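> Please find one structure pasted underneath; my questions will follow.
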Amino acid sequence: MKKAEDCNTVDEVYACLKELEEDPNRLVRNAKELEQMEQELLGYTNRISALLLKKSSRSQ
């Protein structure tokens with residue numbers, strides 16, 4: 001799976017999030033893994049925001 005910073009389009013980020021959601025091996029077993037998962041999700045969220053902001057600033 002791509003890391004958030006490697007995604008170049010919003011669709012790529014959504015595809016990565018979908019893959020993450022459907023991965024049966026991604027079980028959270030402790031607080032550290034939960035924090036890692038939260039940081040990973042935050043990275044994808046931030047990437048979507050950055051791509052949308054970049055897109056909207058180009059159209060102005």
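We label chains A, B, ... in the order they appear in the structure tokens, count residues from 1 in each chain, and number ligands from 1 in the order shown.
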Within 10 Å of segment 40-51 of chain A, counting only C-alpha atoms, which residues qualify if same-chain residues fewer than 5 places away don't, as a PDB file with all heavy atoms, in the first residue's frame?

```
ATOM      1  N   LYS A   3       2.109   5.001   0.801  1.00  0.00           N
ATOM      2  CA  LYS A   3       2.021   5.931   1.924  1.00  0.00           C
ATOM      3  C   LYS A   3       1.291   7.170   1.433  1.00  0.00           C
ATOM      4  O   LYS A   3       1.231   7.443   0.231  1.00  0.00           O
ATOM      5  CB  LYS A   3       3.414   6.305   2.402  1.00  0.00           C
ATOM      6  CG  LYS A   3       4.136   5.163   3.058  1.00  0.00           C
ATOM      7  CD  LYS A   3       5.412   5.631   3.682  1.00  0.00           C
ATOM      8  CE  LYS A   3       6.014   4.485   4.453  1.00  0.00           C
ATOM      9  NZ  LYS A   3       6.787   4.923   5.574  1.00  0.00           N
ATOM     10  N   ALA A   4       0.741   7.912   2.352  1.00  0.00           N
ATOM     11  CA  ALA A   4      -0.053   9.093   1.995  1.00  0.00           C
ATOM     12  C   ALA A   4       0.726  10.059   1.116  1.00  0.00           C
ATOM     13  O   ALA A   4       0.199  10.562   0.126  1.00  0.00           O
ATOM     14  CB  ALA A   4      -0.541   9.790   3.256  1.00  0.00           C
ATOM     15  N   GLU A   5       1.981  10.309   1.463  1.00  0.00           N
ATOM     16  CA  GLU A   5       2.756  11.294   0.699  1.00  0.00           C
ATOM     17  C   GLU A   5       3.091  10.834  -0.720  1.00  0.00           C
ATOM     18  O   GLU A   5       3.473  11.628  -1.564  1.00  0.00           O
ATOM     19  CB  GLU A   5       4.038  11.691   1.444  1.00  0.00           C
ATOM     20  CG  GLU A   5       4.979  10.545   1.728  1.00  0.00           C
ATOM     21  CD  GLU A   5       4.756   9.863   3.072  1.00  0.00           C
ATOM     22  OE1 GLU A   5       3.763  10.150   3.751  1.00  0.00           O
ATOM     23  OE2 GLU A   5       5.588   9.030   3.428  1.00  0.00           O
ATOM     24  N   ASP A   6       2.905   9.539  -1.002  1.00  0.00           N
ATOM     25  CA  ASP A   6       3.163   9.020  -2.346  1.00  0.00           C
ATOM     26  C   ASP A   6       1.943   9.095  -3.255  1.00  0.00           C
ATOM     27  O   ASP A   6       2.043   8.836  -4.452  1.00  0.00           O
ATOM     28  CB  ASP A   6       3.644   7.565  -2.267  1.00  0.00           C
ATOM     29  CG  ASP A   6       4.964   7.430  -1.533  1.00  0.00           C
ATOM     30  OD1 ASP A   6       5.764   8.392  -1.565  1.00  0.00           O
ATOM     31  OD2 ASP A   6       5.200   6.375  -0.924  1.00  0.00           O
ATOM     32  N   CYS A   7       0.789   9.444  -2.703  1.00  0.00           N
ATOM     33  CA  CYS A   7      -0.431   9.558  -3.488  1.00  0.00           C
ATOM     34  C   CYS A   7      -0.452  10.914  -4.183  1.00  0.00           C
ATOM     35  O   CYS A   7      -0.212  11.939  -3.558  1.00  0.00           O
ATOM     36  CB  CYS A   7      -1.659   9.410  -2.594  1.00  0.00           C
ATOM     37  SG  CYS A   7      -1.800   7.787  -1.825  1.00  0.00           S
ATOM     38  N   ASN A   8      -0.757  10.884  -5.482  1.00  0.00           N
ATOM     39  CA  ASN A   8      -0.748  12.115  -6.264  1.00  0.00           C
ATOM     40  C   ASN A   8      -2.132  12.658  -6.576  1.00  0.00           C
ATOM     41  O   ASN A   8      -2.253  13.769  -7.079  1.00  0.00           O
ATOM     42  CB  ASN A   8       0.010  11.892  -7.577  1.00  0.00           C
ATOM     43  CG  ASN A   8       1.466  11.592  -7.322  1.00  0.00           C
ATOM     44  OD1 ASN A   8       2.110  12.254  -6.514  1.00  0.00           O
ATOM     45  ND2 ASN A   8       1.986  10.577  -7.974  1.00  0.00           N
ATOM     46  N   THR A   9      -3.152  11.862  -6.320  1.00  0.00           N
ATOM     47  CA  THR A   9      -4.522  12.323  -6.569  1.00  0.00           C
ATOM     48  C   THR A   9      -5.403  11.938  -5.381  1.00  0.00           C
ATOM     49  O   THR A   9      -5.073  11.036  -4.611  1.00  0.00           O
ATOM     50  CB  THR A   9      -5.112  11.676  -7.842  1.00  0.00           C
ATOM     51  OG1 THR A   9      -5.271  10.275  -7.618  1.00  0.00           O
ATOM     52  CG2 THR A   9      -4.253  11.928  -9.065  1.00  0.00           C
ATOM     53  N   VAL A  10      -6.525  12.617  -5.290  1.00  0.00           N
ATOM     54  CA  VAL A  10      -7.489  12.306  -4.228  1.00  0.00           C
ATOM     55  C   VAL A  10      -7.992  10.874  -4.396  1.00  0.00           C
ATOM     56  O   VAL A  10      -8.155  10.147  -3.420  1.00  0.00           O
ATOM     57  CB  VAL A  10      -8.653  13.320  -4.243  1.00  0.00           C
ATOM     58  CG1 VAL A  10      -9.745  12.913  -3.276  1.00  0.00           C
ATOM     59  CG2 VAL A  10      -8.137  14.720  -3.908  1.00  0.00           C
ATOM     60  N   ASP A  11      -8.196  10.453  -5.642  1.00  0.00           N
ATOM     61  CA  ASP A  11      -8.665   9.084  -5.891  1.00  0.00           C
ATOM     62  C   ASP A  11      -7.664   8.045  -5.387  1.00  0.00           C
ATOM     63  O   ASP A  11      -8.062   7.009  -4.863  1.00  0.00           O
ATOM     64  CB  ASP A  11      -8.937   8.865  -7.378  1.00  0.00           C
ATOM     65  CG  ASP A  11     -10.178   9.608  -7.861  1.00  0.00           C
ATOM     66  OD1 ASP A  11     -11.061   9.896  -7.020  1.00  0.00           O
ATOM     67  OD2 ASP A  11     -10.264   9.888  -9.065  1.00  0.00           O
ATOM     68  N   GLU A  12      -6.376   8.315  -5.543  1.00  0.00           N
ATOM     69  CA  GLU A  12      -5.354   7.407  -5.030  1.00  0.00           C
ATOM     70  C   GLU A  12      -5.410   7.319  -3.512  1.00  0.00           C
ATOM     71  O   GLU A  12      -5.267   6.244  -2.939  1.00  0.00           O
ATOM     72  CB  GLU A  12      -3.956   7.853  -5.458  1.00  0.00           C
ATOM     73  CG  GLU A  12      -3.638   7.597  -6.906  1.00  0.00           C
ATOM     74  CD  GLU A  12      -2.237   8.062  -7.278  1.00  0.00           C
ATOM     75  OE1 GLU A  12      -1.447   8.452  -6.398  1.00  0.00           O
ATOM     76  OE2 GLU A  12      -1.926   8.036  -8.474  1.00  0.00           O
ATOM     77  N   VAL A  13      -5.641   8.443  -2.867  1.00  0.00           N
ATOM     78  CA  VAL A  13      -5.734   8.448  -1.405  1.00  0.00           C
ATOM     79  C   VAL A  13      -6.947   7.643  -0.966  1.00  0.00           C
ATOM     80  O   VAL A  13      -6.861   6.813  -0.055  1.00  0.00           O
ATOM     81  CB  VAL A  13      -5.809   9.887  -0.845  1.00  0.00           C
ATOM     82  CG1 VAL A  13      -5.941   9.859   0.671  1.00  0.00           C
ATOM     83  CG2 VAL A  13      -4.581  10.696  -1.252  1.00  0.00           C
ATOM     84  N   TYR A  14      -8.088   7.860  -1.627  1.00  0.00           N
ATOM     85  CA  TYR A  14      -9.291   7.106  -1.289  1.00  0.00           C
ATOM     86  C   TYR A  14      -9.075   5.607  -1.501  1.00  0.00           C
ATOM     87  O   TYR A  14      -9.544   4.785  -0.708  1.00  0.00           O
ATOM     88  CB  TYR A  14     -10.498   7.579  -2.095  1.00  0.00           C
ATOM     89  CG  TYR A  14     -11.111   8.855  -1.580  1.00  0.00           C
ATOM     90  CD1 TYR A  14     -11.355   9.920  -2.425  1.00  0.00           C
ATOM     91  CD2 TYR A  14     -11.464   8.999  -0.241  1.00  0.00           C
ATOM     92  CE1 TYR A  14     -11.921  11.102  -1.960  1.00  0.00           C
ATOM     93  CE2 TYR A  14     -12.031  10.169   0.235  1.00  0.00           C
ATOM     94  CZ  TYR A  14     -12.257  11.204  -0.625  1.00  0.00           C
ATOM     95  OH  TYR A  14     -12.817  12.362  -0.158  1.00  0.00           O
ATOM     96  N   CYS A  16      -6.269   3.983  -1.235  1.00  0.00           N
ATOM     97  CA  CYS A  16      -5.425   3.513  -0.131  1.00  0.00           C
ATOM     98  C   CYS A  16      -6.236   3.362   1.153  1.00  0.00           C
ATOM     99  O   CYS A  16      -6.068   2.388   1.893  1.00  0.00           O
ATOM    100  CB  CYS A  16      -4.262   4.469   0.106  1.00  0.00           C
ATOM    101  SG  CYS A  16      -3.014   4.403  -1.193  1.00  0.00           S
ATOM    102  N   LEU A  17      -7.116   4.306   1.412  1.00  0.00           N
ATOM    103  CA  LEU A  17      -7.969   4.220   2.598  1.00  0.00           C
ATOM    104  C   LEU A  17      -8.902   3.010   2.509  1.00  0.00           C
ATOM    105  O   LEU A  17      -9.119   2.311   3.499  1.00  0.00           O
ATOM    106  CB  LEU A  17      -8.782   5.502   2.780  1.00  0.00           C
ATOM    107  CG  LEU A  17      -7.998   6.702   3.288  1.00  0.00           C
ATOM    108  CD1 LEU A  17      -8.852   7.959   3.196  1.00  0.00           C
ATOM    109  CD2 LEU A  17      -7.533   6.473   4.711  1.00  0.00           C
ATOM    110  N   LEU A  20      -6.865  -0.035   3.207  1.00  0.00           N
ATOM    111  CA  LEU A  20      -6.589  -0.086   4.644  1.00  0.00           C
ATOM    112  C   LEU A  20      -7.810  -0.605   5.407  1.00  0.00           C
ATOM    113  O   LEU A  20      -7.696  -1.452   6.294  1.00  0.00           O
ATOM    114  CB  LEU A  20      -6.203   1.302   5.146  1.00  0.00           C
ATOM    115  CG  LEU A  20      -5.811   1.446   6.601  1.00  0.00           C
ATOM    116  CD1 LEU A  20      -4.560   0.638   6.903  1.00  0.00           C
ATOM    117  CD2 LEU A  20      -5.564   2.906   6.935  1.00  0.00           C
ATOM    118  N   LEU A  34      -2.715   1.422  18.052  1.00  0.00           N
ATOM    119  CA  LEU A  34      -3.830   2.338  17.827  1.00  0.00           C
ATOM    120  C   LEU A  34      -3.313   3.722  17.452  1.00  0.00           C
ATOM    121  O   LEU A  34      -3.799   4.348  16.508  1.00  0.00           O
ATOM    122  CB  LEU A  34      -4.719   2.424  19.062  1.00  0.00           C
ATOM    123  CG  LEU A  34      -5.893   3.395  18.987  1.00  0.00           C
ATOM    124  CD1 LEU A  34      -6.840   3.024  17.850  1.00  0.00           C
ATOM    125  CD2 LEU A  34      -6.635   3.436  20.312  1.00  0.00           C
ATOM    126  N   GLU A  35      -2.307   4.185  18.154  1.00  0.00           N
ATOM    127  CA  GLU A  35      -1.730   5.493  17.850  1.00  0.00           C
ATOM    128  C   GLU A  35      -1.100   5.498  16.457  1.00  0.00           C
ATOM    129  O   GLU A  35      -1.238   6.477  15.713  1.00  0.00           O
ATOM    130  CB  GLU A  35      -0.685   5.869  18.900  1.00  0.00           C
ATOM    131  CG  GLU A  35      -0.170   7.276  18.726  1.00  0.00           C
ATOM    132  CD  GLU A  35       0.748   7.722  19.851  1.00  0.00           C
ATOM    133  OE1 GLU A  35       0.586   7.245  20.978  1.00  0.00           O
ATOM    134  OE2 GLU A  35       1.631   8.549  19.564  1.00  0.00           O
ATOM    135  N   SER A  56      -7.883  23.630  -5.788  1.00  0.00           N
ATOM    136  CA  SER A  56      -8.719  24.834  -5.754  1.00  0.00           C
ATOM    137  C   SER A  56      -7.890  26.101  -5.989  1.00  0.00           C
ATOM    138  O   SER A  56      -8.375  27.054  -6.579  1.00  0.00           O
ATOM    139  CB  SER A  56      -9.470  24.934  -4.445  1.00  0.00           C
ATOM    140  OG  SER A  56      -8.599  25.213  -3.376  1.00  0.00           O
ATOM    141  N   SER A  57      -6.637  26.100  -5.581  1.00  0.00           N
ATOM    142  CA  SER A  57      -5.815  27.295  -5.801  1.00  0.00           C
ATOM    143  C   SER A  57      -5.408  27.421  -7.271  1.00  0.00           C
ATOM    144  O   SER A  57      -5.198  28.513  -7.771  1.00  0.00           O
ATOM    145  CB  SER A  57      -4.572  27.274  -4.908  1.00  0.00           C
ATOM    146  OG  SER A  57      -3.699  26.249  -5.290  1.00  0.00           O
TER     147      SER A  57
END
```
> Using DSSP on the backbone coordinates, identify all residues within chain A classified as helix (DSSP H, G or I); present the result as a ChimeraX atom specification.
/A:4-6,10-22,31-58
> With N, CA and C atoms retained, export the selected residues as a CSV table (one decimal), in the first residue's frame.

```
chain,number,residue,atom,x,y,z
A,4,ALA,N,0.7,7.9,2.4
A,4,ALA,CA,-0.1,9.1,2.0
A,4,ALA,C,0.7,10.1,1.1
A,5,GLU,N,2.0,10.3,1.5
A,5,GLU,CA,2.8,11.3,0.7
A,5,GLU,C,3.1,10.8,-0.7
A,6,ASP,N,2.9,9.5,-1.0
A,6,ASP,CA,3.2,9.0,-2.3
A,6,ASP,C,1.9,9.1,-3.3
A,10,VAL,N,-6.5,12.6,-5.3
A,10,VAL,CA,-7.5,12.3,-4.2
A,10,VAL,C,-8.0,10.9,-4.4
A,11,ASP,N,-8.2,10.5,-5.6
A,11,ASP,CA,-8.7,9.1,-5.9
A,11,ASP,C,-7.7,8.0,-5.4
A,12,GLU,N,-6.4,8.3,-5.5
A,12,GLU,CA,-5.4,7.4,-5.0
A,12,GLU,C,-5.4,7.3,-3.5
A,13,VAL,N,-5.6,8.4,-2.9
A,13,VAL,CA,-5.7,8.4,-1.4
A,13,VAL,C,-6.9,7.6,-1.0
A,14,TYR,N,-8.1,7.9,-1.6
A,14,TYR,CA,-9.3,7.1,-1.3
A,14,TYR,C,-9.1,5.6,-1.5
A,15,ALA,N,-8.4,5.2,-2.6
A,15,ALA,CA,-8.1,3.8,-2.8
A,15,ALA,C,-7.2,3.2,-1.7
A,16,CYS,N,-6.3,4.0,-1.2
A,16,CYS,CA,-5.4,3.5,-0.1
A,16,CYS,C,-6.2,3.4,1.2
A,17,LEU,N,-7.1,4.3,1.4
A,17,LEU,CA,-8.0,4.2,2.6
A,17,LEU,C,-8.9,3.0,2.5
A,18,LYS,N,-9.4,2.7,1.3
A,18,LYS,CA,-10.3,1.6,1.1
A,18,LYS,C,-9.5,0.3,1.4
A,19,GLU,N,-8.3,0.3,0.8
A,19,GLU,CA,-7.4,-0.9,1.0
A,19,GLU,C,-7.1,-1.1,2.5
A,20,LEU,N,-6.9,0.0,3.2
A,20,LEU,CA,-6.6,-0.1,4.6
A,20,LEU,C,-7.8,-0.6,5.4
A,21,GLU,N,-9.0,-0.1,5.0
A,21,GLU,CA,-10.2,-0.5,5.7
A,21,GLU,C,-10.5,-2.0,5.5
A,22,GLU,N,-10.2,-2.5,4.3
A,22,GLU,CA,-10.5,-3.9,4.0
A,22,GLU,C,-9.4,-4.9,4.4
A,31,ALA,N,-2.3,0.0,22.6
A,31,ALA,CA,-2.4,1.5,22.5
A,31,ALA,C,-1.4,2.0,21.5
A,32,LYS,N,-0.2,1.4,21.4
A,32,LYS,CA,0.8,1.9,20.5
A,32,LYS,C,0.4,1.7,19.0
A,33,GLU,N,-0.2,0.5,18.8
A,33,GLU,CA,-0.7,0.2,17.4
A,33,GLU,C,-1.9,1.1,17.1
A,34,LEU,N,-2.7,1.4,18.1
A,34,LEU,CA,-3.8,2.3,17.8
A,34,LEU,C,-3.3,3.7,17.5
A,35,GLU,N,-2.3,4.2,18.2
A,35,GLU,CA,-1.7,5.5,17.8
A,35,GLU,C,-1.1,5.5,16.5
A,36,GLN,N,-0.4,4.4,16.1
A,36,GLN,CA,0.2,4.3,14.7
A,36,GLN,C,-0.9,4.4,13.7
A,37,MET,N,-2.0,3.7,13.9
A,37,MET,CA,-3.1,3.7,13.0
A,37,MET,C,-3.7,5.1,12.8
A,38,GLU,N,-3.9,5.7,14.0
A,38,GLU,CA,-4.5,7.1,14.0
A,38,GLU,C,-3.6,8.0,13.2
A,39,GLN,N,-2.2,7.9,13.4
A,39,GLN,CA,-1.3,8.8,12.6
A,39,GLN,C,-1.3,8.5,11.1
A,40,GLU,N,-1.5,7.2,10.8
A,40,GLU,CA,-1.5,6.8,9.4
A,40,GLU,C,-2.8,7.4,8.7
A,41,LEU,N,-3.9,7.3,9.4
A,41,LEU,CA,-5.2,7.9,8.9
A,41,LEU,C,-5.1,9.4,8.8
A,42,LEU,N,-4.5,10.0,9.8
A,42,LEU,CA,-4.3,11.5,9.8
A,42,LEU,C,-3.4,11.9,8.6
A,43,GLY,N,-2.4,11.1,8.3
A,43,GLY,CA,-1.6,11.4,7.1
A,43,GLY,C,-2.4,11.4,5.8
A,44,TYR,N,-3.3,10.4,5.7
A,44,TYR,CA,-4.2,10.3,4.5
A,44,TYR,C,-5.1,11.5,4.4
A,45,THR,N,-5.7,11.8,5.6
A,45,THR,CA,-6.6,13.0,5.7
A,45,THR,C,-5.9,14.3,5.3
A,46,ASN,N,-4.7,14.5,5.8
A,46,ASN,CA,-3.9,15.7,5.5
A,46,ASN,C,-3.6,15.7,4.0
A,47,ARG,N,-3.3,14.5,3.4
A,47,ARG,CA,-2.9,14.5,2.0
A,47,ARG,C,-4.1,14.9,1.1
A,48,ILE,N,-5.3,14.4,1.5
A,48,ILE,CA,-6.5,14.7,0.8
A,48,ILE,C,-6.7,16.3,0.8
A,49,SER,N,-6.6,16.8,2.0
A,49,SER,CA,-6.7,18.3,2.2
A,49,SER,C,-5.7,19.0,1.3
A,50,ALA,N,-4.5,18.6,1.3
A,50,ALA,CA,-3.5,19.3,0.6
A,50,ALA,C,-3.7,19.2,-0.9
A,51,LEU,N,-4.2,18.0,-1.4
A,51,LEU,CA,-4.5,17.9,-2.8
A,51,LEU,C,-5.7,18.7,-3.2
A,52,LEU,N,-6.7,18.8,-2.4
A,52,LEU,CA,-7.9,19.6,-2.7
A,52,LEU,C,-7.5,21.1,-2.7
A,53,LEU,N,-6.7,21.5,-1.7
A,53,LEU,CA,-6.3,22.9,-1.6
A,53,LEU,C,-5.5,23.3,-2.9
A,54,LYS,N,-4.6,22.4,-3.3
A,54,LYS,CA,-3.8,22.7,-4.4
A,54,LYS,C,-4.6,22.8,-5.7
A,55,LYS,N,-5.6,21.9,-5.8
A,55,LYS,CA,-6.5,21.9,-6.9
A,55,LYS,C,-7.4,23.2,-7.0
A,56,SER,N,-7.9,23.6,-5.8
A,56,SER,CA,-8.7,24.8,-5.8
A,56,SER,C,-7.9,26.1,-6.0
A,57,SER,N,-6.6,26.1,-5.6
A,57,SER,CA,-5.8,27.3,-5.8
A,57,SER,C,-5.4,27.4,-7.3
A,58,ARG,N,-5.3,26.3,-8.0
A,58,ARG,CA,-5.0,26.4,-9.4
A,58,ARG,C,-6.2,26.9,-10.2
```
